[in-house]
$ cat start34.cif   # mmCIF, C-alpha atoms and all ligand atoms
data_work
#
loop_
_atom_site.label_atom_id
_atom_site.label_comp_id
_atom_site.auth_asym_id
_atom_site.auth_seq_id
_atom_site.Cartn_x
_atom_site.Cartn_y
_atom_site.Cartn_z
CA MET A 180 74.42 -40.43 -51.06
CA GLY A 181 73.57 -43.95 -49.90
CA ARG A 182 71.26 -44.41 -52.87
CA GLU A 183 73.96 -43.26 -55.34
CA LEU A 184 76.46 -45.66 -53.80
CA ALA A 185 73.95 -48.54 -53.85
CA GLY A 186 73.24 -47.80 -57.53
CA HIS A 187 76.96 -47.73 -58.36
CA LEU A 188 77.65 -51.03 -56.60
CA ALA A 189 74.55 -52.72 -58.05
CA GLY A 190 75.63 -51.53 -61.50
CA GLN A 191 78.96 -53.31 -61.17
CA GLY A 192 77.18 -56.54 -60.19
CA ASP A 193 77.59 -56.52 -56.39
CA SER A 194 74.83 -57.83 -54.14
CA VAL A 195 73.45 -54.84 -52.23
CA VAL A 196 71.17 -54.65 -49.20
CA LEU A 197 69.88 -51.12 -48.64
CA THR A 198 67.83 -49.95 -45.71
CA GLY A 199 65.34 -47.22 -44.85
CA ARG A 200 62.82 -46.58 -42.12
CA ASP A 201 59.86 -47.85 -44.12
CA ALA A 202 59.81 -51.38 -45.60
CA GLU A 203 57.74 -50.60 -48.68
CA ARG A 204 59.80 -47.50 -49.47
CA ALA A 205 63.04 -49.48 -49.03
CA ARG A 206 61.77 -52.17 -51.42
CA GLN A 207 60.70 -49.50 -53.92
CA VAL A 208 64.13 -47.81 -53.79
CA ALA A 209 65.76 -51.25 -54.20
CA ARG A 210 63.69 -51.85 -57.35
CA GLU A 211 64.66 -48.42 -58.73
CA VAL A 212 68.32 -48.83 -57.89
CA GLY A 213 68.40 -52.43 -59.19
CA LYS A 214 66.95 -51.39 -62.59
CA GLY A 215 65.46 -54.83 -63.16
CA ARG A 216 68.44 -56.76 -61.76
CA GLN A 217 67.82 -59.09 -58.80
CA ASN A 218 70.95 -58.10 -56.84
CA VAL A 219 69.43 -55.32 -54.69
CA ARG A 220 67.26 -55.94 -51.63
CA GLY A 221 65.54 -53.29 -49.49
CA ILE A 222 64.77 -53.85 -45.81
CA ALA A 223 63.29 -51.70 -43.03
CA LEU A 224 65.61 -50.48 -40.32
CA ASP A 225 65.27 -47.50 -37.98
CA LEU A 226 68.66 -46.56 -36.53
CA ALA A 227 66.95 -44.31 -33.99
CA GLU A 228 65.29 -47.44 -32.52
CA PRO A 229 68.46 -49.31 -31.55
CA HIS A 230 66.77 -52.21 -29.77
CA GLU A 231 65.21 -53.32 -33.06
CA ILE A 232 68.36 -53.16 -35.22
CA ALA A 233 69.83 -56.62 -34.58
CA ARG A 234 66.51 -58.30 -35.40
CA ALA A 235 66.12 -56.26 -38.61
CA LEU A 236 69.61 -57.29 -39.76
CA SER A 237 69.42 -60.91 -38.61
CA GLY A 238 68.98 -62.35 -42.13
CA THR A 239 71.78 -60.27 -43.63
CA GLY A 240 75.23 -61.60 -44.45
CA PRO A 241 77.94 -62.50 -45.22
CA VAL A 242 78.92 -58.84 -45.69
CA ASP A 243 82.04 -57.51 -47.41
CA HIS A 244 81.42 -53.80 -46.94
CA LEU A 245 79.11 -51.89 -44.62
CA VAL A 246 78.39 -48.23 -45.39
CA ILE A 247 76.16 -46.24 -43.04
CA THR A 248 74.96 -42.91 -44.43
CA ALA A 249 71.68 -42.43 -42.53
CA VAL A 250 70.80 -39.11 -40.97
CA GLU A 251 67.68 -37.29 -39.86
CA ARG A 252 68.63 -33.79 -40.94
CA ASP A 253 68.08 -31.16 -38.35
CA VAL A 254 68.66 -27.49 -37.60
CA ASN A 255 68.14 -27.31 -33.85
CA SER A 256 69.22 -24.09 -32.15
CA VAL A 257 69.97 -24.00 -28.43
CA ARG A 258 67.76 -20.90 -28.38
CA ASP A 259 64.78 -23.15 -29.02
CA TYR A 260 66.17 -26.61 -28.46
CA SER A 261 64.06 -29.65 -29.34
CA VAL A 262 65.06 -32.41 -26.94
CA GLU A 263 63.06 -34.95 -28.89
CA ARG A 264 64.85 -34.26 -32.21
CA ALA A 265 68.23 -34.07 -30.51
CA VAL A 266 67.72 -37.43 -28.80
CA ARG A 267 66.70 -39.05 -32.10
CA LEU A 268 69.73 -37.68 -33.96
CA ALA A 269 72.20 -38.54 -31.20
CA THR A 270 70.69 -42.03 -30.87
CA LEU A 271 70.71 -42.56 -34.63
CA LYS A 272 74.35 -41.60 -35.29
CA VAL A 273 76.11 -42.56 -32.09
CA VAL A 274 74.15 -45.56 -30.80
CA GLY A 275 72.39 -46.69 -34.00
CA TYR A 276 75.54 -46.67 -36.15
CA THR A 277 77.40 -48.65 -33.47
CA VAL A 278 74.58 -51.16 -32.97
CA ALA A 279 74.39 -51.78 -36.73
CA VAL A 280 78.14 -52.48 -36.80
CA ALA A 281 77.82 -54.74 -33.73
CA ALA A 282 74.89 -56.61 -35.30
CA LEU A 283 76.91 -57.39 -38.45
CA ARG A 284 80.25 -57.93 -36.72
CA GLU A 285 80.23 -61.70 -37.01
CA VAL A 286 79.23 -61.79 -40.68
CA LEU A 287 81.74 -59.10 -41.77
CA ALA A 288 84.59 -60.52 -43.87
CA PRO A 289 88.04 -60.07 -42.24
CA THR A 290 89.10 -58.36 -45.47
CA GLY A 291 86.01 -56.16 -45.34
CA SER A 292 85.42 -52.56 -44.36
CA VAL A 293 83.07 -50.25 -42.55
CA VAL A 294 82.48 -46.66 -43.68
CA LEU A 295 80.52 -44.27 -41.46
CA PHE A 296 79.27 -40.85 -42.51
CA GLY A 297 79.91 -37.75 -40.40
CA GLY A 298 80.10 -34.26 -41.86
CA VAL A 299 82.26 -31.14 -41.86
CA ALA A 300 79.90 -29.55 -39.32
CA LYS A 301 82.14 -31.39 -36.83
CA ASP A 302 84.72 -28.60 -37.41
CA ALA A 303 82.65 -25.92 -39.13
CA PRO A 304 79.60 -25.29 -36.98
CA TYR A 305 76.72 -22.97 -37.79
CA PRO A 306 73.82 -21.74 -35.63
CA GLY A 307 71.56 -24.71 -35.03
CA SER A 308 74.27 -27.32 -35.65
CA THR A 309 75.17 -28.11 -32.03
CA THR A 310 73.79 -31.66 -32.11
CA VAL A 311 74.88 -32.26 -35.73
CA THR A 312 78.37 -30.97 -34.86
CA ALA A 313 78.50 -33.16 -31.74
CA VAL A 314 77.40 -36.39 -33.44
CA ASN A 315 79.67 -35.85 -36.45
CA GLY A 316 82.55 -35.24 -34.03
CA ALA A 317 81.58 -38.47 -32.30
CA VAL A 318 81.93 -40.30 -35.64
CA VAL A 319 85.68 -39.40 -35.57
CA SER A 320 86.03 -41.02 -32.14
CA MET A 321 83.91 -44.00 -33.13
CA VAL A 322 86.17 -44.73 -36.10
CA ARG A 323 89.19 -44.85 -33.76
CA THR A 324 87.64 -47.22 -31.28
CA LEU A 325 85.81 -49.39 -33.83
CA SER A 326 88.94 -49.83 -35.94
CA THR A 327 90.73 -51.01 -32.79
CA GLU A 328 87.94 -53.42 -31.93
CA LEU A 329 87.26 -54.75 -35.42
CA ALA A 330 90.80 -55.10 -36.84
CA PRO A 331 91.65 -56.48 -39.38
CA VAL A 332 88.37 -55.08 -40.72
CA ARG A 333 89.08 -51.49 -41.83
CA VAL A 334 86.92 -48.71 -40.38
CA ASN A 335 86.85 -45.20 -41.89
CA ALA A 336 84.59 -42.18 -42.07
CA VAL A 337 83.61 -39.74 -44.78
CA HIS A 338 82.87 -36.18 -43.65
CA PRO A 339 81.10 -34.46 -46.56
CA GLY A 340 80.67 -30.72 -46.91
CA ILE A 341 77.30 -29.27 -47.86
CA ALA A 342 76.23 -31.28 -50.91
CA SER A 343 73.50 -30.39 -53.32
CA ARG A 344 70.83 -32.59 -51.72
CA ALA A 345 71.16 -31.15 -48.21
CA SER A 346 67.90 -29.72 -46.90
CA GLY A 347 67.12 -26.09 -47.74
CA SER A 348 67.10 -24.97 -44.10
CA MET A 349 70.45 -26.64 -43.46
CA ILE A 350 72.09 -25.07 -46.52
CA ALA A 351 70.65 -21.70 -45.52
CA ALA A 352 71.88 -22.00 -41.92
CA ALA A 353 75.34 -23.21 -42.94
CA SER A 354 75.87 -20.78 -45.79
CA ARG A 355 74.90 -17.72 -43.71
CA TRP A 356 77.70 -18.55 -41.33
CA PRO A 357 81.33 -17.61 -42.10
CA SER A 358 82.76 -21.02 -41.18
CA ALA A 359 80.90 -22.48 -44.16
CA SER A 360 83.32 -20.68 -46.46
CA ARG A 361 86.19 -22.52 -44.77
CA SER A 362 84.55 -25.85 -45.56
CA PRO A 363 86.47 -27.92 -48.13
CA SER A 364 83.20 -27.91 -50.08
CA ALA A 365 81.53 -24.58 -49.33
CA GLY A 366 78.77 -25.15 -51.87
CA PRO A 367 77.33 -28.01 -53.86
CA PRO A 368 80.23 -29.35 -55.95
CA SER A 369 79.55 -29.16 -59.67
CA PRO A 370 80.24 -32.21 -61.88
CA GLN A 371 83.31 -30.31 -63.23
CA THR A 372 84.60 -29.83 -59.67
CA VAL A 373 84.07 -33.51 -58.92
CA ARG A 374 85.92 -34.50 -62.14
CA ALA A 375 88.76 -32.08 -61.33
CA ARG A 376 89.08 -33.54 -57.82
CA GLU A 377 89.13 -37.08 -59.20
CA ALA A 378 91.84 -36.07 -61.69
CA THR A 379 93.88 -34.52 -58.85
CA ALA A 380 93.46 -37.67 -56.76
CA ARG A 381 94.63 -39.80 -59.71
CA ARG A 382 97.66 -37.53 -60.21
CA TRP A 383 98.55 -37.74 -56.52
CA ARG A 384 98.20 -41.52 -56.58
CA GLY A 385 100.54 -41.59 -59.59
CA ALA A 386 103.03 -39.26 -57.89
CA ALA A 387 102.91 -41.24 -54.64
CA SER A 388 103.50 -44.48 -56.50
CA ALA A 389 106.46 -42.97 -58.45
CA LEU A 390 107.91 -41.64 -55.18
CA ALA A 391 107.54 -45.03 -53.52
CA THR A 392 109.31 -46.72 -56.47
CA SER A 393 112.21 -44.27 -56.39
CA LEU A 394 112.52 -44.60 -52.60
CA ARG A 395 112.61 -48.39 -52.91
CA ALA A 396 115.31 -48.06 -55.60
CA ALA A 397 117.35 -45.68 -53.38
CA VAL A 398 117.09 -48.03 -50.39
CA ALA A 399 118.09 -51.01 -52.56
CA SER A 400 121.11 -49.09 -53.84
CA VAL A 401 122.20 -48.09 -50.30
CA ASN A 402 121.79 -51.72 -49.20
CA ARG A 403 123.91 -52.93 -52.17
CA GLU A 404 126.69 -50.41 -51.34
CA ARG A 405 126.62 -51.41 -47.66
CA ALA A 406 126.81 -55.13 -48.59
CA ALA A 407 129.73 -54.40 -50.97
CA ARG A 408 131.64 -52.52 -48.23
CA THR A 409 131.04 -55.36 -45.73
CA THR A 410 132.25 -57.96 -48.25
CA ALA A 411 135.30 -55.83 -49.10
CA ARG A 412 136.20 -55.48 -45.40
CA ARG A 413 135.71 -59.22 -44.78
CA PHE A 414 138.01 -60.28 -47.64
CA ALA A 415 140.55 -57.46 -47.35
CA PRO A 416 144.17 -58.73 -46.83
CA ALA A 417 145.14 -58.40 -43.16
N1 LIG B 501 74.04 -33.77 -47.87
C1 LIG B 501 74.91 -32.99 -47.22
O1 LIG B 501 75.09 -31.81 -47.54
C2 LIG B 501 75.71 -33.52 -46.08
C3 LIG B 501 76.61 -32.65 -45.44
C4 LIG B 501 77.36 -33.13 -44.37
C5 LIG B 501 77.21 -34.44 -43.97
N2 LIG B 501 76.33 -35.25 -44.59
C6 LIG B 501 76.20 -36.62 -44.08
O2 LIG B 501 76.25 -37.52 -45.17
C7 LIG B 501 75.36 -38.61 -44.91
C8 LIG B 501 74.44 -38.78 -46.09
O3 LIG B 501 73.69 -37.59 -46.25
P1 LIG B 501 72.56 -37.46 -47.36
O4 LIG B 501 72.55 -36.08 -47.83
O5 LIG B 501 72.70 -38.57 -48.36
O6 LIG B 501 71.24 -37.74 -46.48
P2 LIG B 501 69.74 -37.89 -47.01
O7 LIG B 501 69.62 -37.65 -48.47
O8 LIG B 501 68.87 -37.12 -46.06
O9 LIG B 501 69.46 -39.43 -46.80
C9 LIG B 501 69.37 -39.91 -45.51
C10 LIG B 501 69.07 -41.40 -45.57
O10 LIG B 501 68.97 -41.87 -44.24
C11 LIG B 501 67.80 -42.68 -44.12
N3 LIG B 501 67.33 -42.49 -42.76
C12 LIG B 501 66.90 -41.35 -42.18
N4 LIG B 501 66.60 -41.58 -40.90
C13 LIG B 501 66.86 -42.87 -40.66
C14 LIG B 501 66.74 -43.71 -39.52
N5 LIG B 501 66.28 -43.25 -38.36
N6 LIG B 501 67.10 -44.99 -39.63
C15 LIG B 501 67.55 -45.50 -40.79
N7 LIG B 501 67.68 -44.77 -41.91
C16 LIG B 501 67.33 -43.48 -41.83
C17 LIG B 501 66.83 -42.15 -45.18
O11 LIG B 501 65.99 -43.18 -45.67
P3 LIG B 501 64.43 -43.23 -45.34
O12 LIG B 501 63.89 -41.85 -45.46
O13 LIG B 501 63.89 -44.18 -46.37
O14 LIG B 501 64.36 -43.78 -43.94
C18 LIG B 501 67.79 -41.73 -46.29
O15 LIG B 501 68.03 -42.83 -47.13
C19 LIG B 501 74.65 -38.30 -43.60
O16 LIG B 501 75.22 -39.05 -42.57
C20 LIG B 501 74.87 -36.83 -43.39
O17 LIG B 501 74.96 -36.48 -42.02
C21 LIG B 501 75.58 -34.83 -45.65
#

$ encode --input "start34.cif" --output "C-alpha cells"
Amino acid sequence: MGRELAGHLAGQGDSVVLTGRDAERARQVAREVGKGRQNVRGIALDLAEPHEIARALSGTGPVDHLVITAVERDVNSVRDYSVERAVRLATLKVVGYTVAVAALREVLAPTGSVVLFGGVAKDAPYPGSTTVTAVNGAVVSMVRTLSTELAPVRVNAVHPGIASRASGSMIAAASRWPSASRSPSAGPPSPQTVRAREATARRWRGAASALATSLRAAVASVNRERAARTTARRFAPA
C-alpha cells in the first residue's frame, strides 16, 4: 500500500521519501516508483529498532505529509506464542510509529498531516491475531493523543480490511473465522468494488455539500426574518 501511494504521489510531481528496512532495496523501490523522475528517494529505516529512527530521518524535511504503512505481518497464536515476533510487531507499530512522528515533528508543516495504518483486526479478530489486534487497536488511541499533541497538524488512521496483498497465512487465518465476514472488506476488493466505493463517496460528498448549502440558506432566511421582526418592533408606533 505504501508503494502504491508513493507511486501515486510521485506521479503527480510530489517529492517523496520512502523507507524500508534495507537501504539498497529502498533505493531500488524508489527507482521503480520514480520511473526515471528524480523526485523519489529511498532510505533505510527499521521501525522495530526505535533508537535508530531519529538518526535515519535526520536529513529528511521539510515534510508536508507523513504516511506510515509499515508492518511485519504475523499470525501468532497464544497456543504457541512467539515472544520475539510479538515484541518486534508491538515495537514497530506502537513505539516505532510514534518515534517516527516525534523525529519529524519539527519539520512537519503546520498545515500538514500524519496518517497511520492500523487494520480491521482491531475489531474483527481471528485466531493468531492477538498482537495484530492489540497494536491496531493501539493505533486508534495513538491517533487521539497525537492529534492532541500535534495540532494544528491533522492526525488520522486508515484501518484496511484484508486486501489482496496480505500474506497467504493471514488471509487463511482471517477468512476461516466468522468475524472476517463482518469486516467492511471481507475479501480482496475488486477494481469494480473500488470504483463503486469511490462513486459512492463522490455522491455523498455532493449530497453533503448540497445539504450544507441548503442549511446555510435556511439559517440566513431565519436570520433575515428575525432582523425584520426586531426592526419592526423598534420602529413600531408606541
Ligand atoms: N494488506 C492487508 O490485507 C492489510 C489488512 C489490514 C491492515 N493492513 C495494514 O495496512 C498497512 C499496509 O499493509 P501492506 O499490506 O501494504 O503491507 P506490506 O505489503 O507487507 O508492506 C509492508 C511494508 O512495511 C515495510 N516494513 C516491514 N517491516 C518494517 C520495519 N521493521 N521497519 C520499517 N519498514 C518495515 C516493508 O518494507 P521492507 O520489506 O522493504 O522493509 C513494506 O514496505 C500495514 O500497517 C498493515 O498492518 C493491511

$ atom_distance --input "start34.cif" --atom1 "CA of Val208 (chain A)" --atom2 "atom C8 of ligand LIG 501 (chain B)"
15.7 Å

$ residues_near_point --input "start34.cif" --point "(75.1, -30.3, -33.5)" --cutoff "9 Å" --atoms "all atoms listed in the file" --output "list in words"
Asp253, Val254, Asn255, Ser256, Ala265, Ala300, Lys301, Pro304, Tyr305, Pro306, Gly307, Ser308, Thr309, Thr310, Val311, Thr312, Ala313, Val314, Asn315 and Gly316 of chain A

$ closest_atom_pairs --input "start34.cif" --of "chain A" --to "ligand LIG 501 (chain B)" --cutoff "9 Å" --atoms "only C-alpha atoms and all ligand atoms" --output "Markdown table"
| residue | atom | partner | partner_atom | distance |
| --- | --- | --- | --- | --- |
| A:Met180 | CA | B:LIG501 | O5 | 3.7 |
| A:Gly181 | CA | B:LIG501 | O5 | 5.7 |
| A:Arg182 | CA | B:LIG501 | O15 | 6.8 |
| A:Glu183 | CA | B:LIG501 | O5 | 8.5 |
| A:Leu197 | CA | B:LIG501 | O15 | 8.6 |
| A:Thr198 | CA | B:LIG501 | N7 | 6.4 |
| A:Gly199 | CA | B:LIG501 | O14 | 3.7 |
| A:Arg200 | CA | B:LIG501 | O14 | 3.7 |
| A:Asp201 | CA | B:LIG501 | O13 | 5.9 |
| A:Ala202 | CA | B:LIG501 | O13 | 8.3 |
| A:Arg204 | CA | B:LIG501 | O13 | 6.1 |
| A:Ala205 | CA | B:LIG501 | O13 | 6.0 |
| A:Val208 | CA | B:LIG501 | O13 | 8.3 |
| A:Ala223 | CA | B:LIG501 | C15 | 7.8 |
| A:Leu224 | CA | B:LIG501 | C15 | 5.4 |
| A:Asp225 | CA | B:LIG501 | N6 | 3.5 |
| A:Leu226 | CA | B:LIG501 | N6 | 3.8 |
| A:Ala227 | CA | B:LIG501 | N5 | 4.5 |
| A:Glu228 | CA | B:LIG501 | N5 | 7.3 |
| A:Ile247 | CA | B:LIG501 | O16 | 7.3 |
| A:Thr248 | CA | B:LIG501 | O16 | 4.3 |
| A:Ala249 | CA | B:LIG501 | O10 | 3.3 |
| A:Val250 | CA | B:LIG501 | O10 | 4.7 |
| A:Glu251 | CA | B:LIG501 | N4 | 4.5 |
| A:Arg252 | CA | B:LIG501 | O8 | 6.1 |
| A:Arg267 | CA | B:LIG501 | N5 | 7.6 |
| A:Leu268 | CA | B:LIG501 | N5 | 7.9 |
| A:Thr270 | CA | B:LIG501 | N5 | 8.8 |
| A:Leu271 | CA | B:LIG501 | N5 | 5.8 |
| A:Lys272 | CA | B:LIG501 | O16 | 7.8 |
| A:Gly275 | CA | B:LIG501 | N6 | 7.9 |
| A:Leu295 | CA | B:LIG501 | O16 | 7.5 |
| A:Phe296 | CA | B:LIG501 | O16 | 4.4 |
| A:Gly297 | CA | B:LIG501 | O16 | 5.3 |
| A:Gly298 | CA | B:LIG501 | C5 | 3.6 |
| A:Val299 | CA | B:LIG501 | C4 | 5.9 |
| A:Ala300 | CA | B:LIG501 | C4 | 6.7 |
| A:Val311 | CA | B:LIG501 | O17 | 7.6 |
| A:Val314 | CA | B:LIG501 | O17 | 8.9 |
| A:Asn315 | CA | B:LIG501 | O17 | 7.3 |
| A:Val337 | CA | B:LIG501 | O2 | 7.7 |
| A:His338 | CA | B:LIG501 | C5 | 5.9 |
| A:Pro339 | CA | B:LIG501 | C4 | 4.5 |
| A:Gly340 | CA | B:LIG501 | C3 | 4.7 |
| A:Ile341 | CA | B:LIG501 | O1 | 3.4 |
| A:Ala342 | CA | B:LIG501 | O1 | 3.6 |
| A:Ser343 | CA | B:LIG501 | O1 | 6.2 |
| A:Arg344 | CA | B:LIG501 | N1 | 5.1 |
| A:Ala345 | CA | B:LIG501 | N1 | 3.9 |
| A:Ser346 | CA | B:LIG501 | N1 | 7.4 |
| A:Met349 | CA | B:LIG501 | O1 | 8.1 |
| A:Ile350 | CA | B:LIG501 | O1 | 7.4 |
| A:Gly366 | CA | B:LIG501 | O1 | 8.8 |
| A:Pro367 | CA | B:LIG501 | O1 | 7.7 |

$ residues_around --input "start34.cif" --residues "Ala282 (chain A)" --least-positions-apart "4" --cutoff "12 Å" --atoms "all atoms listed in the file" --output "list in words"
Leu226, Pro229, His230, Glu231, Ile232, Ala233, Arg234, Ala235, Leu236, Ser237, Gly238, Thr239, Gly240, Pro241, Val242, Leu245, Val274, Gly275, Tyr276, Thr277, Val278, Val286 and Leu287 of chain A

$ residues_near_point --input "start34.cif" --point "(86.8, -62.7, -43.4)" --cutoff "9 Å" --atoms "all atoms listed in the file" --output "list in words"
Asp243, Val286, Leu287, Ala288, Pro289, Thr290, Gly291, Pro331 and Val332 of chain A

$ residues_around --input "start34.cif" --residues "Arg210 (chain A)" --least-positions-apart "3" --cutoff "12 Å" --atoms "only C-alpha atoms" --output "list in words"
Arg182, Ala185, Gly186, Ala189, Val195, Val196, Leu197, Glu203, Arg204, Ala205, Arg206, Gln207, Gly213, Lys214, Gly215, Arg216, Gln217, Asn218, Val219, Arg220, Gly221 and Ile222 of chain A

$ write_last_selection --input "start34.cif" --atoms "C-alpha atoms" --output "tab-separated table (two decimals), keeping the file's coordinate frame"
chain	number	residue	atom	x	y	z
A	182	ARG	CA	71.26	-44.41	-52.87
A	185	ALA	CA	73.95	-48.54	-53.85
A	186	GLY	CA	73.24	-47.80	-57.53
A	189	ALA	CA	74.55	-52.72	-58.05
A	195	VAL	CA	73.45	-54.84	-52.23
A	196	VAL	CA	71.17	-54.65	-49.20
A	197	LEU	CA	69.88	-51.12	-48.64
A	203	GLU	CA	57.74	-50.60	-48.68
A	204	ARG	CA	59.80	-47.50	-49.47
A	205	ALA	CA	63.04	-49.48	-49.03
A	206	ARG	CA	61.77	-52.17	-51.42
A	207	GLN	CA	60.70	-49.50	-53.92
A	213	GLY	CA	68.40	-52.43	-59.19
A	214	LYS	CA	66.95	-51.39	-62.59
A	215	GLY	CA	65.46	-54.83	-63.16
A	216	ARG	CA	68.44	-56.76	-61.76
A	217	GLN	CA	67.82	-59.09	-58.80
A	218	ASN	CA	70.95	-58.10	-56.84
A	219	VAL	CA	69.43	-55.32	-54.69
A	220	ARG	CA	67.26	-55.94	-51.63
A	221	GLY	CA	65.54	-53.29	-49.49
A	222	ILE	CA	64.77	-53.85	-45.81

$ closest_residue --input "start34.cif" --among "A:Val246, A:Ala378, A:Val212, A:Val273" --to "Arg333 (chain A)" --atoms "all atoms listed in the file"
A:Val246

$ closest_residue --input "start34.cif" --among "A:Leu188, A:Leu329, A:Leu394, A:Ala389" --to "Glu285 (chain A)" --atoms "all atoms listed in the file"
A:Leu329

$ atom_distance --input "start34.cif" --atom1 "CA of Arg374 (chain A)" --atom2 "CA of His187 (chain A)"
16.4 Å

$ atom_distance --input "start34.cif" --atom1 "CA of His244 (chain A)" --atom2 "CA of Val334 (chain A)"
10.0 Å
